[in-house]
Structures are given as C-alpha cells and as structure tokens.
file data-v2.cif (mmCIF, N, CA and C atoms)
data_structure
#
loop_
_atom_site.label_atom_id
_atom_site.label_comp_id
_atom_site.auth_asym_id
_atom_site.auth_seq_id
_atom_site.Cartn_x
_atom_site.Cartn_y
_atom_site.Cartn_z
N MET A 1 0.82 -1.20 0.00
CA MET A 1 0.00 0.00 0.00
C MET A 1 0.86 1.26 0.00
N ALA A 2 1.86 1.30 0.87
CA ALA A 2 2.72 2.48 0.94
C ALA A 2 3.50 2.67 -0.36
N ASP A 3 3.98 1.56 -0.94
CA ASP A 3 4.69 1.65 -2.21
C ASP A 3 3.77 2.13 -3.32
N GLN A 4 2.54 1.68 -3.28
CA GLN A 4 1.57 2.10 -4.29
C GLN A 4 1.29 3.60 -4.17
N ASN A 5 1.15 4.11 -2.94
CA ASN A 5 0.91 5.53 -2.73
C ASN A 5 2.12 6.36 -3.16
N LEU A 6 3.31 5.87 -2.88
CA LEU A 6 4.51 6.58 -3.30
C LEU A 6 4.58 6.64 -4.82
N GLN A 7 4.26 5.55 -5.49
CA GLN A 7 4.26 5.54 -6.95
C GLN A 7 3.26 6.54 -7.50
N LEU A 8 2.09 6.62 -6.88
CA LEU A 8 1.07 7.57 -7.32
C LEU A 8 1.56 9.00 -7.15
N LEU A 9 2.20 9.30 -6.03
CA LEU A 9 2.75 10.64 -5.80
C LEU A 9 3.80 10.98 -6.85
N LEU A 10 4.67 10.03 -7.16
CA LEU A 10 5.71 10.27 -8.16
C LEU A 10 5.10 10.48 -9.54
N GLU A 11 4.01 9.79 -9.83
CA GLU A 11 3.31 10.01 -11.10
C GLU A 11 2.68 11.41 -11.14
N LEU A 12 2.12 11.84 -10.01
CA LEU A 12 1.52 13.17 -9.95
C LEU A 12 2.57 14.26 -10.14
N LEU A 13 3.78 14.01 -9.67
CA LEU A 13 4.88 14.97 -9.85
C LEU A 13 5.21 15.19 -11.32
N LYS A 14 4.93 14.21 -12.16
CA LYS A 14 5.24 14.31 -13.58
C LYS A 14 4.22 15.15 -14.35
N LYS A 15 3.06 15.39 -13.74
CA LYS A 15 2.03 16.19 -14.41
C LYS A 15 2.48 17.64 -14.54
N SER A 16 2.01 18.28 -15.56
CA SER A 16 2.38 19.66 -15.86
C SER A 16 2.17 20.57 -14.64
N GLY A 17 3.20 21.32 -14.29
CA GLY A 17 3.13 22.27 -13.18
C GLY A 17 3.49 21.69 -11.83
N ASN A 18 3.39 20.38 -11.66
CA ASN A 18 3.66 19.77 -10.36
C ASN A 18 5.14 19.49 -10.11
N SER A 19 5.96 19.56 -11.13
CA SER A 19 7.37 19.23 -10.97
C SER A 19 8.18 20.39 -10.41
N GLU A 20 7.52 21.51 -10.17
CA GLU A 20 8.19 22.64 -9.53
C GLU A 20 7.35 23.15 -8.37
N CYS A 21 7.98 23.84 -7.46
CA CYS A 21 7.30 24.35 -6.27
C CYS A 21 6.17 25.30 -6.67
N ALA A 22 5.02 25.12 -6.06
CA ALA A 22 3.86 25.97 -6.36
C ALA A 22 4.09 27.42 -5.97
N ASP A 23 4.94 27.66 -4.98
CA ASP A 23 5.14 29.02 -4.50
C ASP A 23 6.31 29.75 -5.16
N CYS A 24 7.47 29.08 -5.30
CA CYS A 24 8.67 29.78 -5.78
C CYS A 24 9.24 29.22 -7.08
N SER A 25 8.63 28.18 -7.61
CA SER A 25 9.05 27.54 -8.87
C SER A 25 10.39 26.82 -8.80
N SER A 26 10.86 26.49 -7.60
CA SER A 26 12.07 25.70 -7.45
C SER A 26 11.84 24.33 -8.07
N LYS A 27 12.89 23.76 -8.63
CA LYS A 27 12.79 22.43 -9.25
C LYS A 27 12.95 21.31 -8.22
N TYR A 28 13.27 21.63 -6.98
CA TYR A 28 13.54 20.64 -5.94
C TYR A 28 12.30 20.42 -5.07
N VAL A 29 11.34 19.69 -5.59
CA VAL A 29 10.07 19.45 -4.90
C VAL A 29 10.18 18.17 -4.09
N GLU A 30 9.99 18.29 -2.77
CA GLU A 30 10.04 17.13 -1.87
C GLU A 30 8.87 17.09 -0.90
N TRP A 31 8.04 18.10 -0.90
CA TRP A 31 6.97 18.24 0.07
C TRP A 31 5.65 18.55 -0.63
N ALA A 32 4.57 18.46 0.12
CA ALA A 32 3.26 18.83 -0.41
C ALA A 32 2.37 19.33 0.72
N SER A 33 1.50 20.25 0.38
CA SER A 33 0.43 20.66 1.29
C SER A 33 -0.81 19.92 0.82
N TYR A 34 -1.18 18.89 1.57
CA TYR A 34 -2.23 18.00 1.08
C TYR A 34 -3.63 18.56 1.23
N ASN A 35 -3.85 19.52 2.09
CA ASN A 35 -5.20 20.09 2.17
C ASN A 35 -5.40 21.15 1.07
N ILE A 36 -4.32 21.80 0.66
CA ILE A 36 -4.41 22.77 -0.44
C ILE A 36 -4.26 22.04 -1.78
N GLY A 37 -3.45 20.97 -1.79
CA GLY A 37 -3.28 20.18 -3.00
C GLY A 37 -2.12 20.61 -3.87
N ILE A 38 -1.04 21.14 -3.23
CA ILE A 38 0.10 21.65 -4.00
C ILE A 38 1.40 20.96 -3.60
N PHE A 39 2.36 20.98 -4.52
CA PHE A 39 3.69 20.45 -4.29
C PHE A 39 4.64 21.60 -3.99
N LEU A 40 5.57 21.37 -3.02
CA LEU A 40 6.41 22.45 -2.51
C LEU A 40 7.87 22.02 -2.38
N CYS A 41 8.76 23.01 -2.39
CA CYS A 41 10.17 22.78 -2.06
C CYS A 41 10.31 22.79 -0.53
N THR A 42 11.48 22.46 -0.05
CA THR A 42 11.71 22.39 1.40
C THR A 42 11.51 23.74 2.07
N ARG A 43 12.02 24.79 1.46
CA ARG A 43 11.92 26.12 2.05
C ARG A 43 10.46 26.59 2.15
N CYS A 44 9.72 26.44 1.08
CA CYS A 44 8.32 26.87 1.10
C CYS A 44 7.47 25.97 1.99
N ALA A 45 7.83 24.69 2.10
CA ALA A 45 7.13 23.80 3.03
C ALA A 45 7.31 24.30 4.46
N GLY A 46 8.49 24.82 4.78
CA GLY A 46 8.73 25.39 6.10
C GLY A 46 7.85 26.61 6.35
N VAL A 47 7.66 27.42 5.34
CA VAL A 47 6.79 28.60 5.46
C VAL A 47 5.35 28.14 5.69
N HIS A 48 4.91 27.15 4.93
CA HIS A 48 3.55 26.64 5.09
C HIS A 48 3.36 26.02 6.47
N ARG A 49 4.36 25.29 6.92
CA ARG A 49 4.28 24.66 8.24
C ARG A 49 4.21 25.72 9.34
N ALA A 50 4.94 26.82 9.14
CA ALA A 50 4.94 27.91 10.13
C ALA A 50 3.59 28.62 10.20
N MET A 51 2.82 28.58 9.11
CA MET A 51 1.49 29.21 9.11
C MET A 51 0.53 28.46 10.03
N GLY A 52 0.80 27.18 10.25
CA GLY A 52 -0.04 26.37 11.13
C GLY A 52 -0.84 25.35 10.35
N ALA A 53 -1.12 24.23 11.01
CA ALA A 53 -1.84 23.14 10.36
C ALA A 53 -3.30 23.49 10.08
N HIS A 54 -3.81 24.55 10.68
CA HIS A 54 -5.18 24.97 10.39
C HIS A 54 -5.26 25.67 9.03
N ILE A 55 -4.09 26.04 8.46
CA ILE A 55 -4.05 26.69 7.16
C ILE A 55 -3.48 25.76 6.10
N SER A 56 -2.34 25.15 6.39
CA SER A 56 -1.67 24.28 5.41
C SER A 56 -1.10 23.05 6.12
N LYS A 57 -1.48 21.89 5.64
CA LYS A 57 -1.03 20.63 6.24
C LYS A 57 0.04 20.02 5.33
N VAL A 58 1.27 19.98 5.83
CA VAL A 58 2.43 19.64 5.01
C VAL A 58 2.95 18.24 5.34
N LYS A 59 3.31 17.51 4.28
CA LYS A 59 3.91 16.18 4.42
C LYS A 59 5.06 16.04 3.43
N HIS A 60 6.05 15.23 3.81
CA HIS A 60 7.13 14.89 2.90
C HIS A 60 6.62 13.84 1.93
N LEU A 61 7.02 13.94 0.68
CA LEU A 61 6.51 13.03 -0.35
C LEU A 61 6.94 11.58 -0.11
N LYS A 62 8.16 11.38 0.38
CA LYS A 62 8.68 10.03 0.52
C LYS A 62 8.77 9.53 1.95
N LEU A 63 8.96 10.42 2.91
CA LEU A 63 9.20 10.00 4.29
C LEU A 63 7.93 9.82 5.11
N ASP A 64 6.86 10.50 4.74
CA ASP A 64 5.61 10.42 5.50
C ASP A 64 4.65 9.41 4.87
N LYS A 65 3.75 8.91 5.71
CA LYS A 65 2.72 7.98 5.24
C LYS A 65 1.55 8.81 4.70
N TRP A 66 1.08 8.44 3.52
CA TRP A 66 -0.01 9.14 2.88
C TRP A 66 -1.29 8.31 2.90
N GLU A 67 -2.39 8.92 3.30
CA GLU A 67 -3.69 8.26 3.29
C GLU A 67 -4.33 8.44 1.91
N ASP A 68 -5.23 7.56 1.58
CA ASP A 68 -5.89 7.60 0.28
C ASP A 68 -6.61 8.93 0.05
N SER A 69 -7.27 9.46 1.07
CA SER A 69 -8.01 10.72 0.93
C SER A 69 -7.07 11.89 0.63
N GLN A 70 -5.87 11.85 1.20
CA GLN A 70 -4.89 12.90 0.94
C GLN A 70 -4.39 12.82 -0.50
N LEU A 71 -4.17 11.60 -0.99
CA LEU A 71 -3.76 11.42 -2.38
C LEU A 71 -4.85 11.87 -3.34
N GLU A 72 -6.09 11.59 -2.98
CA GLU A 72 -7.21 12.02 -3.83
C GLU A 72 -7.23 13.53 -3.97
N ARG A 73 -6.98 14.24 -2.86
CA ARG A 73 -6.96 15.70 -2.89
C ARG A 73 -5.83 16.20 -3.79
N MET A 74 -4.67 15.56 -3.72
CA MET A 74 -3.54 15.94 -4.57
C MET A 74 -3.88 15.70 -6.04
N LYS A 75 -4.59 14.60 -6.32
CA LYS A 75 -5.01 14.30 -7.69
C LYS A 75 -6.02 15.33 -8.20
N GLU A 76 -6.95 15.72 -7.32
CA GLU A 76 -8.00 16.67 -7.70
C GLU A 76 -7.45 18.05 -8.04
N VAL A 77 -6.44 18.49 -7.30
CA VAL A 77 -6.01 19.88 -7.41
C VAL A 77 -4.71 19.99 -8.22
N GLY A 78 -3.57 19.88 -7.57
CA GLY A 78 -2.30 20.10 -8.26
C GLY A 78 -1.95 21.58 -8.32
N ASN A 79 -0.72 21.86 -8.69
CA ASN A 79 -0.23 23.24 -8.67
C ASN A 79 -0.96 24.17 -9.63
N VAL A 80 -1.27 23.69 -10.83
CA VAL A 80 -1.90 24.56 -11.84
C VAL A 80 -3.29 24.98 -11.40
N LYS A 81 -4.12 24.04 -11.00
CA LYS A 81 -5.49 24.38 -10.56
C LYS A 81 -5.46 25.25 -9.31
N ALA A 82 -4.53 24.97 -8.40
CA ALA A 82 -4.45 25.76 -7.17
C ALA A 82 -4.09 27.21 -7.48
N ARG A 83 -3.16 27.42 -8.40
CA ARG A 83 -2.81 28.80 -8.78
C ARG A 83 -4.01 29.51 -9.38
N LEU A 84 -4.73 28.83 -10.24
CA LEU A 84 -5.91 29.46 -10.86
C LEU A 84 -6.94 29.87 -9.81
N LYS A 85 -7.10 29.05 -8.79
CA LYS A 85 -8.09 29.35 -7.76
C LYS A 85 -7.60 30.41 -6.77
N TYR A 86 -6.42 30.20 -6.20
CA TYR A 86 -5.97 31.05 -5.10
C TYR A 86 -5.29 32.34 -5.55
N GLU A 87 -4.89 32.43 -6.80
CA GLU A 87 -4.17 33.61 -7.26
C GLU A 87 -4.96 34.43 -8.27
N GLN A 88 -6.25 34.19 -8.38
CA GLN A 88 -7.03 34.88 -9.40
C GLN A 88 -7.20 36.38 -9.14
N ARG A 89 -7.09 36.80 -7.89
CA ARG A 89 -7.30 38.22 -7.57
C ARG A 89 -6.01 38.95 -7.17
N ILE A 90 -4.88 38.33 -7.46
CA ILE A 90 -3.60 38.97 -7.13
C ILE A 90 -3.34 40.10 -8.11
N PRO A 91 -2.97 41.28 -7.62
CA PRO A 91 -2.73 42.41 -8.52
C PRO A 91 -1.55 42.15 -9.47
N ALA A 92 -1.57 42.81 -10.61
CA ALA A 92 -0.54 42.64 -11.63
C ALA A 92 0.85 43.04 -11.12
N CYS A 93 0.90 43.94 -10.14
CA CYS A 93 2.19 44.41 -9.64
C CYS A 93 2.86 43.40 -8.69
N TYR A 94 2.15 42.35 -8.32
CA TYR A 94 2.70 41.34 -7.42
C TYR A 94 3.82 40.57 -8.10
N ARG A 95 4.92 40.39 -7.39
CA ARG A 95 6.04 39.60 -7.92
C ARG A 95 6.10 38.28 -7.18
N ARG A 96 6.06 37.21 -7.94
CA ARG A 96 6.15 35.87 -7.36
C ARG A 96 7.56 35.67 -6.81
N PRO A 97 7.68 35.15 -5.59
CA PRO A 97 9.01 34.89 -5.06
C PRO A 97 9.71 33.77 -5.86
N THR A 98 11.02 33.83 -5.88
CA THR A 98 11.80 32.78 -6.52
C THR A 98 12.55 32.02 -5.44
N GLU A 99 13.22 30.96 -5.81
CA GLU A 99 13.96 30.18 -4.81
C GLU A 99 15.13 30.97 -4.23
N ASP A 100 15.53 32.05 -4.89
CA ASP A 100 16.63 32.89 -4.41
C ASP A 100 16.14 34.12 -3.65
N SER A 101 14.85 34.32 -3.56
CA SER A 101 14.29 35.49 -2.85
C SER A 101 14.58 35.36 -1.35
N PRO A 102 14.85 36.51 -0.70
CA PRO A 102 15.03 36.46 0.76
C PRO A 102 13.71 36.10 1.45
N GLN A 103 13.83 35.41 2.54
CA GLN A 103 12.64 34.99 3.25
C GLN A 103 12.07 36.14 4.04
#

call {"tool": "encode", "arguments": {"input": "data-v2.cif", "output": "structure tokens"}}
result
Amino acid sequence: MADQNLQLLLELLKKSGNSECADCSSKYVEWASYNIGIFLCTRCAGVHRAMGAHISKVKHLKLDKWEDSQLERMKEVGNVKARLKYEQRIPACYRRPTEDSPQ
C-alpha cells in the first residue's frame, strides 16, 4: 500500500506544473500541502508549516505515510489548478518569489 501511494505521488509529480514548487518555482520538490493540494520545495514547506496546520497541512513526499483521501486531494487539485483558484485576484504588480528570494 505504501509503495503504491509513493508511486502515485511520483506520477503526480510528472504532471504539468507539479514538478516545480507551487510558491517559488524551485525544481527541488520534496513536500506537499495535502489540504491545499500543491507540491512544494523544502523552504516553502517550512513557510507553510509555520502558518499552522489549520491553514496548510504539510507532508514529505517520501518519508511520510499518505492516506488515500490525501492522495485524492492531490489528484483533484495540483499546482496549476491551485494557482488558478488562489491567485485569481492577485494584482498585476505582485512579484512571485523565486527560490533565491530572501525569506
């Protein structure tokens, strides 16, 4: 079961937009916020974790155990859909952080 869930997560990483961090576009994706449905780099996962589990629930892709419902949420959303939903009202002057941006 755990191997099957890991394989599914790795397949989801191959989908368009999921192979980079949803927040900073880093290519080193190792984490996910399973309630939001996005894939994250280590640094952005730390930011999400600091916001609190009532906002973003973060898990490591390979080290943590994933439940079927959490995988379903990741399948439903993904980075592209999440950006369309959560960033639709961001002003044009907003600059997306990069992996080199200061925290």

call {"tool": "atom_distance", "arguments": {"input": "data-v2.cif", "atom1": "CA of Ala22 (chain A)", "atom2": "CA of Tyr34 (chain A)"}}
result
12.5 Å

call {"tool": "residues_around", "arguments": {"input": "data-v2.cif", "residues": "Leu40 (chain A)", "least_positions_apart": "2", "cutoff": "5 Å", "atoms": "all atoms listed in the file", "output": "PDB file with N, CA and C atoms, keeping the file's coordinate frame"}}
result
ATOM      1  N   CYS A  21       7.980  23.840  -7.460  1.00  0.00           N
ATOM      2  CA  CYS A  21       7.300  24.350  -6.270  1.00  0.00           C
ATOM      3  C   CYS A  21       6.170  25.300  -6.670  1.00  0.00           C
ATOM      4  N   ALA A  22       5.020  25.120  -6.060  1.00  0.00           N
ATOM      5  CA  ALA A  22       3.860  25.970  -6.360  1.00  0.00           C
ATOM      6  C   ALA A  22       4.090  27.420  -5.970  1.00  0.00           C
ATOM      7  N   VAL A  29      11.340  19.690  -5.590  1.00  0.00           N
ATOM      8  CA  VAL A  29      10.070  19.450  -4.900  1.00  0.00           C
ATOM      9  C   VAL A  29      10.180  18.170  -4.090  1.00  0.00           C
ATOM     10  N   GLU A  30       9.990  18.290  -2.770  1.00  0.00           N
ATOM     11  CA  GLU A  30      10.040  17.130  -1.870  1.00  0.00           C
ATOM     12  C   GLU A  30       8.870  17.090  -0.900  1.00  0.00           C
ATOM     13  N   TRP A  31       8.040  18.100  -0.900  1.00  0.00           N
ATOM     14  CA  TRP A  31       6.970  18.240   0.070  1.00  0.00           C
ATOM     15  C   TRP A  31       5.650  18.550  -0.630  1.00  0.00           C
ATOM     16  N   ALA A  32       4.570  18.460   0.120  1.00  0.00           N
ATOM     17  CA  ALA A  32       3.260  18.830  -0.410  1.00  0.00           C
ATOM     18  C   ALA A  32       2.370  19.330   0.720  1.00  0.00           C
ATOM     19  N   ILE A  38      -1.040  21.140  -3.230  1.00  0.00           N
ATOM     20  CA  ILE A  38       0.100  21.650  -4.000  1.00  0.00           C
ATOM     21  C   ILE A  38       1.400  20.960  -3.600  1.00  0.00           C
ATOM     22  N   THR A  42      11.480  22.460  -0.050  1.00  0.00           N
ATOM     23  CA  THR A  42      11.710  22.390   1.400  1.00  0.00           C
ATOM     24  C   THR A  42      11.510  23.740   2.070  1.00  0.00           C
TER      25      THR A  42
END

call {"tool": "select_by_dssp", "arguments": {"input": "data-v2.cif", "residues": "chain A", "states": "strand (DSSP E or B)", "output": "PyMOL selection string"}}
result
chain A and resi 29-33+38-41+58-60

call {"tool": "atom_distance", "arguments": {"input": "data-v2.cif", "atom1": "CA of Cys93 (chain A)", "atom2": "CA of His48 (chain A)"}}
result
23.1 Å

call {"tool": "closest_residue", "arguments": {"input": "data-v2.cif", "among": "A:Ser56, A:Asn5, A:Ser26, A:Ser19", "to": "Leu71 (chain A)", "atoms": "all atoms listed in the file"}}
result
A:Asn5

call {"tool": "build_atoms", "arguments": {"input": "data-v2.cif", "residues": "region 52-77 of chain A", "atoms": "N, CA, C and O atoms", "output": "PDB file, in the frame of the given file"}}
result
ATOM      1  N   GLY A  52       0.800  27.180  10.250  1.00  0.00           N
ATOM      2  CA  GLY A  52      -0.040  26.370  11.130  1.00  0.00           C
ATOM      3  C   GLY A  52      -0.840  25.350  10.350  1.00  0.00           C
ATOM      4  O   GLY A  52      -1.207  25.568   9.192  1.00  0.00           O
ATOM      5  N   ALA A  53      -1.120  24.230  11.010  1.00  0.00           N
ATOM      6  CA  ALA A  53      -1.840  23.140  10.360  1.00  0.00           C
ATOM      7  C   ALA A  53      -3.300  23.490  10.080  1.00  0.00           C
ATOM      8  O   ALA A  53      -3.953  22.807   9.301  1.00  0.00           O
ATOM      9  N   HIS A  54      -3.810  24.550  10.680  1.00  0.00           N
ATOM     10  CA  HIS A  54      -5.180  24.970  10.390  1.00  0.00           C
ATOM     11  C   HIS A  54      -5.260  25.670   9.030  1.00  0.00           C
ATOM     12  O   HIS A  54      -6.344  25.842   8.482  1.00  0.00           O
ATOM     13  N   ILE A  55      -4.090  26.040   8.460  1.00  0.00           N
ATOM     14  CA  ILE A  55      -4.050  26.690   7.160  1.00  0.00           C
ATOM     15  C   ILE A  55      -3.480  25.760   6.100  1.00  0.00           C
ATOM     16  O   ILE A  55      -4.051  25.596   5.025  1.00  0.00           O
ATOM     17  N   SER A  56      -2.340  25.150   6.390  1.00  0.00           N
ATOM     18  CA  SER A  56      -1.670  24.280   5.410  1.00  0.00           C
ATOM     19  C   SER A  56      -1.100  23.050   6.120  1.00  0.00           C
ATOM     20  O   SER A  56      -0.326  23.178   7.058  1.00  0.00           O
ATOM     21  N   LYS A  57      -1.480  21.890   5.640  1.00  0.00           N
ATOM     22  CA  LYS A  57      -1.030  20.630   6.240  1.00  0.00           C
ATOM     23  C   LYS A  57       0.040  20.020   5.330  1.00  0.00           C
ATOM     24  O   LYS A  57      -0.263  19.610   4.211  1.00  0.00           O
ATOM     25  N   VAL A  58       1.270  19.980   5.830  1.00  0.00           N
ATOM     26  CA  VAL A  58       2.430  19.640   5.010  1.00  0.00           C
ATOM     27  C   VAL A  58       2.950  18.240   5.340  1.00  0.00           C
ATOM     28  O   VAL A  58       3.027  17.855   6.500  1.00  0.00           O
ATOM     29  N   LYS A  59       3.310  17.510   4.280  1.00  0.00           N
ATOM     30  CA  LYS A  59       3.910  16.180   4.420  1.00  0.00           C
ATOM     31  C   LYS A  59       5.060  16.040   3.430  1.00  0.00           C
ATOM     32  O   LYS A  59       5.014  16.620   2.337  1.00  0.00           O
ATOM     33  N   HIS A  60       6.050  15.230   3.810  1.00  0.00           N
ATOM     34  CA  HIS A  60       7.130  14.890   2.900  1.00  0.00           C
ATOM     35  C   HIS A  60       6.620  13.840   1.930  1.00  0.00           C
ATOM     36  O   HIS A  60       5.855  12.943   2.303  1.00  0.00           O
ATOM     37  N   LEU A  61       7.020  13.940   0.680  1.00  0.00           N
ATOM     38  CA  LEU A  61       6.510  13.030  -0.350  1.00  0.00           C
ATOM     39  C   LEU A  61       6.940  11.580  -0.110  1.00  0.00           C
ATOM     40  O   LEU A  61       6.160  10.659  -0.355  1.00  0.00           O
ATOM     41  N   LYS A  62       8.160  11.380   0.380  1.00  0.00           N
ATOM     42  CA  LYS A  62       8.680  10.030   0.520  1.00  0.00           C
ATOM     43  C   LYS A  62       8.770   9.530   1.950  1.00  0.00           C
ATOM     44  O   LYS A  62       8.669   8.345   2.200  1.00  0.00           O
ATOM     45  N   LEU A  63       8.960  10.420   2.910  1.00  0.00           N
ATOM     46  CA  LEU A  63       9.200  10.000   4.290  1.00  0.00           C
ATOM     47  C   LEU A  63       7.930   9.820   5.110  1.00  0.00           C
ATOM     48  O   LEU A  63       7.942   9.097   6.098  1.00  0.00           O
ATOM     49  N   ASP A  64       6.860  10.500   4.740  1.00  0.00           N
ATOM     50  CA  ASP A  64       5.610  10.420   5.500  1.00  0.00           C
ATOM     51  C   ASP A  64       4.650   9.410   4.870  1.00  0.00           C
ATOM     52  O   ASP A  64       4.720   9.113   3.684  1.00  0.00           O
ATOM     53  N   LYS A  65       3.750   8.910   5.710  1.00  0.00           N
ATOM     54  CA  LYS A  65       2.720   7.980   5.240  1.00  0.00           C
ATOM     55  C   LYS A  65       1.550   8.810   4.700  1.00  0.00           C
ATOM     56  O   LYS A  65       1.093   9.752   5.339  1.00  0.00           O
ATOM     57  N   TRP A  66       1.080   8.440   3.520  1.00  0.00           N
ATOM     58  CA  TRP A  66      -0.010   9.140   2.880  1.00  0.00           C
ATOM     59  C   TRP A  66      -1.290   8.310   2.900  1.00  0.00           C
ATOM     60  O   TRP A  66      -1.276   7.142   2.549  1.00  0.00           O
ATOM     61  N   GLU A  67      -2.390   8.920   3.300  1.00  0.00           N
ATOM     62  CA  GLU A  67      -3.690   8.260   3.290  1.00  0.00           C
ATOM     63  C   GLU A  67      -4.330   8.440   1.910  1.00  0.00           C
ATOM     64  O   GLU A  67      -4.011   9.383   1.179  1.00  0.00           O
ATOM     65  N   ASP A  68      -5.230   7.560   1.580  1.00  0.00           N
ATOM     66  CA  ASP A  68      -5.890   7.600   0.280  1.00  0.00           C
ATOM     67  C   ASP A  68      -6.610   8.930   0.050  1.00  0.00           C
ATOM     68  O   ASP A  68      -6.582   9.480  -1.051  1.00  0.00           O
ATOM     69  N   SER A  69      -7.270   9.460   1.070  1.00  0.00           N
ATOM     70  CA  SER A  69      -8.010  10.720   0.930  1.00  0.00           C
ATOM     71  C   SER A  69      -7.070  11.890   0.630  1.00  0.00           C
ATOM     72  O   SER A  69      -7.417  12.800  -0.128  1.00  0.00           O
ATOM     73  N   GLN A  70      -5.870  11.850   1.200  1.00  0.00           N
ATOM     74  CA  GLN A  70      -4.890  12.900   0.940  1.00  0.00           C
ATOM     75  C   GLN A  70      -4.390  12.820  -0.500  1.00  0.00           C
ATOM     76  O   GLN A  70      -4.213  13.841  -1.174  1.00  0.00           O
ATOM     77  N   LEU A  71      -4.170  11.600  -0.990  1.00  0.00           N
ATOM     78  CA  LEU A  71      -3.760  11.420  -2.380  1.00  0.00           C
ATOM     79  C   LEU A  71      -4.850  11.870  -3.340  1.00  0.00           C
ATOM     80  O   LEU A  71      -4.556  12.462  -4.384  1.00  0.00           O
ATOM     81  N   GLU A  72      -6.090  11.590  -2.980  1.00  0.00           N
ATOM     82  CA  GLU A  72      -7.210  12.020  -3.830  1.00  0.00           C
ATOM     83  C   GLU A  72      -7.230  13.530  -3.970  1.00  0.00           C
ATOM     84  O   GLU A  72      -7.472  14.068  -5.046  1.00  0.00           O
ATOM     85  N   ARG A  73      -6.980  14.240  -2.860  1.00  0.00           N
ATOM     86  CA  ARG A  73      -6.960  15.700  -2.890  1.00  0.00           C
ATOM     87  C   ARG A  73      -5.830  16.200  -3.790  1.00  0.00           C
ATOM     88  O   ARG A  73      -6.010  17.139  -4.562  1.00  0.00           O
ATOM     89  N   MET A  74      -4.670  15.560  -3.720  1.00  0.00           N
ATOM     90  CA  MET A  74      -3.540  15.940  -4.570  1.00  0.00           C
ATOM     91  C   MET A  74      -3.880  15.700  -6.040  1.00  0.00           C
ATOM     92  O   MET A  74      -3.534  16.496  -6.902  1.00  0.00           O
ATOM     93  N   LYS A  75      -4.590  14.600  -6.320  1.00  0.00           N
ATOM     94  CA  LYS A  75      -5.010  14.300  -7.690  1.00  0.00           C
ATOM     95  C   LYS A  75      -6.020  15.330  -8.200  1.00  0.00           C
ATOM     96  O   LYS A  75      -5.975  15.742  -9.337  1.00  0.00           O
ATOM     97  N   GLU A  76      -6.950  15.720  -7.320  1.00  0.00           N
ATOM     98  CA  GLU A  76      -8.000  16.670  -7.700  1.00  0.00           C
ATOM     99  C   GLU A  76      -7.450  18.050  -8.040  1.00  0.00           C
ATOM    100  O   GLU A  76      -7.967  18.707  -8.929  1.00  0.00           O
ATOM    101  N   VAL A  77      -6.440  18.490  -7.300  1.00  0.00           N
ATOM    102  CA  VAL A  77      -6.010  19.880  -7.410  1.00  0.00           C
ATOM    103  C   VAL A  77      -4.710  19.990  -8.220  1.00  0.00           C
ATOM    104  O   VAL A  77      -4.748  20.215  -9.412  1.00  0.00           O
TER     105      VAL A  77
END
